[in-house]
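Only one structure is covered here, and it is reproduced in the block below.
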Amino acid sequence: MQESISKMKKNTISFFTLFIICQIANAQMTVTNAAPYNSANNLVDDVLLGNGVTASNVTFSGNANQIGYFDGTNSNIGLASGIVMSTGNVNNIPNASPDTDFGGPGDAQILSVAQLNNSAISSTNDAAVLEFDFAVTGDTVKFEFVFASDEYPTYINSIYNDAFAFFLSGPGITGPYPSPANFPGGAVNVALVPGTTDPISISTIYDDPFQTPTQVNGQYYIENNGTSHGFNGFTTVIQIAYPVICGETYHFKFAIADCEDGSLDTGVFLGARSLGSEGISVSSFAPFPDNTLGENCGQGGFVFSHSDTTVQDVLNLNISGNAIMGTDYNNIPTTITLPIGVTSDTIFIDAYQDNIAEGLDTIKVDIVGIEGCSIASILIQSIEEMTGTLGVDSTNICYPETTELTANVTGGLPPYNYYWTESIVNNDTIVVSPEITTFYNVNVEDQCGNQLLIEESEVWVQCPLMDVNVFTPNGDGDNDFFTLINLDDYPSAKISIYNRWGKLVYEADNYQNDWDGTHYKNGKDVDSGTYYYVVTPKSDKYLYDDNKDPELEKTYTGYFQIMR
């Protein structure tokens, strides 16, 4: 019996081939799976996807010639272009009666769908399966397709009822078909006769006087009386629309397979740019993590989008949160209009500085009556005025000693950037070792671009005074003057020198290491012997000190010998 049925199918192939070849074809579709259409990724991303959908993890299983790109402009398929999948070689589709048996494996899920139409079907073959994850920005996923088969009309209601399905799984979906592990809950088949729960097949959409009943859902059926694409019959363009949760990620499995044998091909045409996620959504943006906007710091906003630009949308907004409009941020409208042809509009948010430490405020915007991505929020962070000091106002070093300077900053929006005098170090602390007295300051900038100049920390290069035990003012050019080591760091030093009986023999208010051992009054050489000195440096550091710290004018004393 099986052998006679197969023979009948082959005879039928010959009959329909002769019949279609005899037709006068005005035009044909073109099909290719040459580069770049030899890549499932390219076919999905560059052909199938429309507005509001992004795809990832694209895979295709089956023979490479079971999927390709079609141009239906000059055909009666009803779609201008798109992806075609077939149980046979897609490159044969423009020809009369495409028929290729690859001998490939079937698909268990497709078998379960086929058995809903005819429980006697026991196997599937030559399965072509396109799968991918996709993220949506609307509350509905939609696409258009056409189902076509060379099984029409002879094998309606038979075990050769080739099957196809579009399995959808993801958040909020619970279905009877297996779904990928990362999409628990099961999958649903969305390739259904419009308004019913019946899977689309040659047995659920047809119009043929030799069948009983003569037609089922015949309004969706077209008999192919030409060589436009070669299949005996096909459906009108059918649109699938299924509710989803916008902002979430879903999984599609597009699959088609021969039933029972590999003869007589069946195909499905997916409209170009038809897989989209329609709906209205609102999203938010701000310059800092977690959609945070600082007071008087940058700009945030809410973006309202719709994917159906053929109609005008008027959106009514609920505005809530503990941030007060007009006080904490600028006034914003409660109605947004998206005209025809416009995909989105933006409301900008500026947060006002109130110099009150109050934590985080929230602005929430909800689109009235819209399911899915209908709410978004922005956080406003309280920002106090920046203040700061340097850890040390002034310090002394004796080069090449080093010292550390630290900027202590509060307020603003950290992290800060530090721009130090004479340094490229972007840090709150620097280590310096100037050769001469240097005044340092630091310009601090926060993440809002606010700047604070902290000035200034003085690093004085003043080494301790060191005397000599003896000097010999005999005119030989060697050790002829009383020289205090490091006195150059104290240009305003006062000095007094006394003999052993306490008599003043020399004094100067601006000593320059130039006393040659003569009496300051009579100009005569003083006697050899022991002398006592008192030095008051009165450095520039003292002169700049508003508080006149006594430590800065302390005196240095000591003894030395004059030898002639």
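In the structure tokens, the first chain shown is A, the next is B, and so on; residue numbers restart at 1 for each chain, and ligands run from 1 in the order shown.
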Checklist entry - In range 69-278 of chain A, what's strand (DSSP E) per DSSP? Answer as a VMD selection string? => result chain A and resid 69 to 71 81 to 86 124 to 136 140 to 149 163 to 169 188 to 189 206 to 207 215 to 216 221 to 223 233 to 235 238 to 243 249 to 259 266 to 271 276 to 278
Checklist entry - From the list A:Gly78, A:Gly341, A:Gly558, A:Gly72, which residue is nearest Val237 in chain A when using only C-alpha atoms? => result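 Among the listed residues, the smallest separation from Val237 in chain A belongs to A:Gly78.
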Checklist entry - So which residues touch range 265-272 of chain A within 7 Å, counting only C-alpha atoms, skipping near sequence neighbours fewer than 3 positions away, as a list in words? => result Val47, Leu48, Leu79, Ser81, Gly82, Ile83, Val84, Met85, Ser86, Thr87, Gly88, Pro98, Asp99, Thr100, Glu144, Phe145, Val146, Phe147, Ala148, Ser149, Asp150 and Asp162 of chain A
Selection above as a file: N, CA and C atoms, as a JSON list (two decimals), in the first residue's frame:
[["chain", "number", "residue", "atom", "x", "y", "z"],
["A", 47, "VAL", "N", 17.40, 41.04, 7.32],
["A", 47, "VAL", "CA", 16.19, 40.82, 6.51],
["A", 47, "VAL", "C", 14.94, 40.79, 7.38],
["A", 48, "LEU", "N", 14.91, 39.93, 8.38],
["A", 48, "LEU", "CA", 13.66, 39.67, 9.10],
["A", 48, "LEU", "C", 13.29, 40.75, 10.11],
["A", 79, "LEU", "N", 4.25, 39.17, -0.53],
["A", 79, "LEU", "CA", 5.32, 39.78, 0.27],
["A", 79, "LEU", "C", 6.41, 40.27, -0.67],
["A", 81, "SER", "N", 9.61, 40.84, -0.06],
["A", 81, "SER", "CA", 10.87, 40.11, 0.11],
["A", 81, "SER", "C", 10.89, 39.51, 1.50],
["A", 82, "GLY", "N", 11.95, 38.74, 1.79],
["A", 82, "GLY", "CA", 12.06, 38.18, 3.12],
["A", 82, "GLY", "C", 12.88, 36.90, 3.12],
["A", 83, "ILE", "N", 12.66, 36.07, 4.15],
["A", 83, "ILE", "CA", 13.33, 34.79, 4.32],
["A", 83, "ILE", "C", 12.39, 33.68, 3.87],
["A", 84, "VAL", "N", 12.90, 32.71, 3.14],
["A", 84, "VAL", "CA", 12.13, 31.52, 2.79],
["A", 84, "VAL", "C", 12.82, 30.30, 3.38],
["A", 85, "MET", "N", 12.02, 29.42, 4.00],
["A", 85, "MET", "CA", 12.49, 28.14, 4.50],
["A", 85, "MET", "C", 11.66, 27.05, 3.84],
["A", 86, "SER", "N", 12.29, 25.93, 3.51],
["A", 86, "SER", "CA", 11.59, 24.88, 2.79],
["A", 86, "SER", "C", 12.07, 23.52, 3.24],
["A", 87, "THR", "N", 11.21, 22.52, 3.02],
["A", 87, "THR", "CA", 11.63, 21.13, 3.26],
["A", 87, "THR", "C", 12.52, 20.64, 2.13],
["A", 88, "GLY", "N", 12.60, 21.44, 1.04],
["A", 88, "GLY", "CA", 13.45, 21.09, -0.09],
["A", 88, "GLY", "C", 14.46, 22.18, -0.37],
["A", 98, "PRO", "N", 8.61, 22.38, -7.07],
["A", 98, "PRO", "CA", 9.89, 22.12, -6.41],
["A", 98, "PRO", "C", 9.82, 20.81, -5.63],
["A", 99, "ASP", "N", 10.83, 19.99, -5.76],
["A", 99, "ASP", "CA", 10.82, 18.71, -5.08],
["A", 99, "ASP", "C", 12.26, 18.24, -4.84],
["A", 100, "THR", "N", 12.68, 18.29, -3.57],
["A", 100, "THR", "CA", 14.00, 17.82, -3.21],
["A", 100, "THR", "C", 13.90, 17.03, -1.93],
["A", 144, "GLU", "N", 4.80, 38.80, 9.66],
["A", 144, "GLU", "CA", 3.94, 38.35, 8.56],
["A", 144, "GLU", "C", 4.58, 37.17, 7.86],
["A", 145, "PHE", "N", 3.73, 36.28, 7.35],
["A", 145, "PHE", "CA", 4.26, 35.12, 6.65],
["A", 145, "PHE", "C", 3.22, 34.60, 5.66],
["A", 146, "VAL", "N", 3.71, 33.73, 4.77],
["A", 146, "VAL", "CA", 2.86, 32.99, 3.84],
["A", 146, "VAL", "C", 3.31, 31.53, 3.89],
["A", 147, "PHE", "N", 2.31, 30.63, 4.00],
["A", 147, "PHE", "CA", 2.57, 29.19, 3.97],
["A", 147, "PHE", "C", 2.24, 28.68, 2.57],
["A", 148, "ALA", "N", 3.11, 27.83, 2.00],
["A", 148, "ALA", "CA", 2.89, 27.31, 0.65],
["A", 148, "ALA", "C", 3.32, 25.85, 0.61],
["A", 149, "SER", "N", 2.65, 25.06, -0.26],
["A", 149, "SER", "CA", 3.00, 23.64, -0.33],
["A", 149, "SER", "C", 2.64, 23.05, -1.68],
["A", 150, "ASP", "N", 3.45, 22.08, -2.08],
["A", 150, "ASP", "CA", 3.15, 21.29, -3.26],
["A", 150, "ASP", "C", 2.29, 20.08, -2.91],
["A", 162, "ASP", "N", 2.38, 17.91, 5.33],
["A", 162, "ASP", "CA", 3.61, 18.54, 5.83],
["A", 162, "ASP", "C", 3.27, 19.62, 6.87]]
Next on the checklist: I want to know what sits within 12 Å of range 425-439 of chain A, based on only C-alpha atoms, with residues of the same chain fewer than 4 positions away left out; could you give that as a PyMOL selection string?
Outcome noted: chain A and resi 388-410+414-421+443-445+454-463+488-490+539-541+544
Which range 33-135 of chain A residues have any atom within 9 Å of an atom of range 170-193 of chain A, and for each, what is the nearest pair of atoms with distance in Å to one decimal, counting only C-alpha atoms, rows sorted by chain and number, as CSV?
residue,atom,partner,partner_atom,distance
A:Gln109,CA,A:Tyr177,CA,6.9
A:Ser112,CA,A:Tyr177,CA,8.6
A:Val113,CA,A:Asn189,CA,8.4
Show me a table, sorted first by chain and then by increasing residue number, of the residues of range 256-351 of chain A having an atom at most 10 Å from range 447-451 of chain A, each with its shortest atom pair and the distance in Å to one decimal, counting only C-alpha atoms and written as JSON lines.
{"residue": "A:Pro287", "atom": "CA", "partner": "A:Cys448", "partner_atom": "CA", "distance": 9.4}
{"residue": "A:Phe288", "atom": "CA", "partner": "A:Gln447", "partner_atom": "CA", "distance": 9.1}
{"residue": "A:Leu293", "atom": "CA", "partner": "A:Cys448", "partner_atom": "CA", "distance": 9.7}
{"residue": "A:Gly294", "atom": "CA", "partner": "A:Cys448", "partner_atom": "CA", "distance": 7.5}
{"residue": "A:Glu295", "atom": "CA", "partner": "A:Cys448", "partner_atom": "CA", "distance": 8.9}
{"residue": "A:Asn296", "atom": "CA", "partner": "A:Cys448", "partner_atom": "CA", "distance": 7.8}
{"residue": "A:Cys297", "atom": "CA", "partner": "A:Cys448", "partner_atom": "CA", "distance": 4.8}
{"residue": "A:Gly298", "atom": "CA", "partner": "A:Cys448", "partner_atom": "CA", "distance": 6.4}
Go ahead and write the selection's residues with C-alpha atoms as a short mmCIF file (atom, residue, chain, number, x, y, z; two decimals), in the first residue's frame.
data_model
loop_
_atom_site.label_atom_id
_atom_site.label_comp_id
_atom_site.auth_asym_id
_atom_site.auth_seq_id
_atom_site.Cartn_x
_atom_site.Cartn_y
_atom_site.Cartn_z
CA PRO A 287 24.56 60.65 33.38
CA PHE A 288 25.34 58.48 36.40
CA LEU A 293 20.94 62.73 38.16
CA GLY A 294 22.78 65.10 40.47
CA GLU A 295 21.40 68.41 41.66
CA ASN A 296 22.58 71.05 39.20
CA CYS A 297 24.62 68.30 37.63
CA GLY A 298 24.10 67.16 34.07
#
Item to check | alpha helix (DSSP H) positions in range 327-559 of chain A, given as number ranges by chain | outcome: A: 540-544
Show me, as a tab-separated table, the residues of range 213-280 of chain A having an atom within 12 Å of range 25-45 of chain A, each with the closest atom pair and its distance in Å, using only C-alpha atoms.
residue	atom	partner	partner_atom	distance
A:Asn224	CA	A:Ala25	CA	10.9
A:Asn225	CA	A:Ala25	CA	8.8
A:Gly226	CA	A:Ala25	CA	5.4
A:Thr227	CA	A:Ala25	CA	5.5
A:Ser228	CA	A:Gln28	CA	4.2
A:His229	CA	A:Met29	CA	6.0
A:Gly230	CA	A:Gln28	CA	8.9
A:Phe231	CA	A:Met29	CA	11.7
A:Phe252	CA	A:Val44	CA	11.4
A:Phe254	CA	A:Val44	CA	11.5
A:Phe269	CA	A:Val31	CA	11.1
A:Leu270	CA	A:Val44	CA	10.2
A:Gly271	CA	A:Val44	CA	11.0
A:Ala272	CA	A:Val44	CA	9.2
A:Arg273	CA	A:Asp45	CA	9.2
A:Ser274	CA	A:Val44	CA	10.9
A:Leu275	CA	A:Val44	CA	9.4
A:Gly276	CA	A:Asp45	CA	11.7
Could you write out the selected residues, including N, CA and C atoms, as a compact mmCIF listing (two decimals), in the first residue's frame?
# COMPACT_ATOMS: atom_id res chain seq x y z
N ASN A 224 -2.34 28.47 -6.88
CA ASN A 224 -1.30 29.05 -7.72
C ASN A 224 -1.48 28.58 -9.17
N ASN A 225 -2.01 29.47 -10.00
CA ASN A 225 -2.24 29.13 -11.39
C ASN A 225 -1.13 29.65 -12.29
N GLY A 226 0.07 29.64 -11.85
CA GLY A 226 1.19 30.11 -12.64
C GLY A 226 2.49 29.61 -12.06
N THR A 227 3.58 30.04 -12.64
CA THR A 227 4.89 29.59 -12.16
C THR A 227 5.57 30.65 -11.30
N SER A 228 4.77 31.52 -10.69
CA SER A 228 5.32 32.60 -9.89
C SER A 228 6.30 32.10 -8.84
N HIS A 229 5.95 31.02 -8.15
CA HIS A 229 6.87 30.45 -7.17
C HIS A 229 6.86 28.93 -7.19
N GLY A 230 5.98 28.30 -7.96
CA GLY A 230 6.06 26.86 -8.17
C GLY A 230 5.21 26.01 -7.26
N PHE A 231 4.84 26.52 -6.05
CA PHE A 231 4.02 25.70 -5.16
C PHE A 231 2.58 25.67 -5.68
N PHE A 252 12.44 32.40 19.73
CA PHE A 252 11.63 31.92 18.61
C PHE A 252 12.30 30.69 17.99
N PHE A 254 11.47 28.82 14.48
CA PHE A 254 10.72 28.67 13.24
C PHE A 254 11.12 27.31 12.65
N PHE A 269 7.27 31.56 3.90
CA PHE A 269 7.90 32.82 3.53
C PHE A 269 7.68 33.82 4.68
N LEU A 270 8.76 34.35 5.23
CA LEU A 270 8.69 35.32 6.34
C LEU A 270 8.96 36.71 5.79
N GLY A 271 8.03 37.63 5.99
CA GLY A 271 8.15 38.96 5.41
C GLY A 271 9.33 39.75 5.94
N ALA A 272 10.04 40.43 5.06
CA ALA A 272 11.19 41.26 5.45
C ALA A 272 10.73 42.38 6.37
N ARG A 273 11.50 42.61 7.39
CA ARG A 273 11.27 43.67 8.37
C ARG A 273 9.92 43.56 9.07
N SER A 274 9.33 42.38 9.00
CA SER A 274 7.99 42.24 9.60
C SER A 274 8.03 41.82 11.06
N LEU A 275 9.16 41.25 11.52
CA LEU A 275 9.24 40.84 12.91
C LEU A 275 9.58 42.06 13.76
N GLY A 276 8.57 42.62 14.37
CA GLY A 276 8.77 43.84 15.17
C GLY A 276 8.02 43.74 16.48
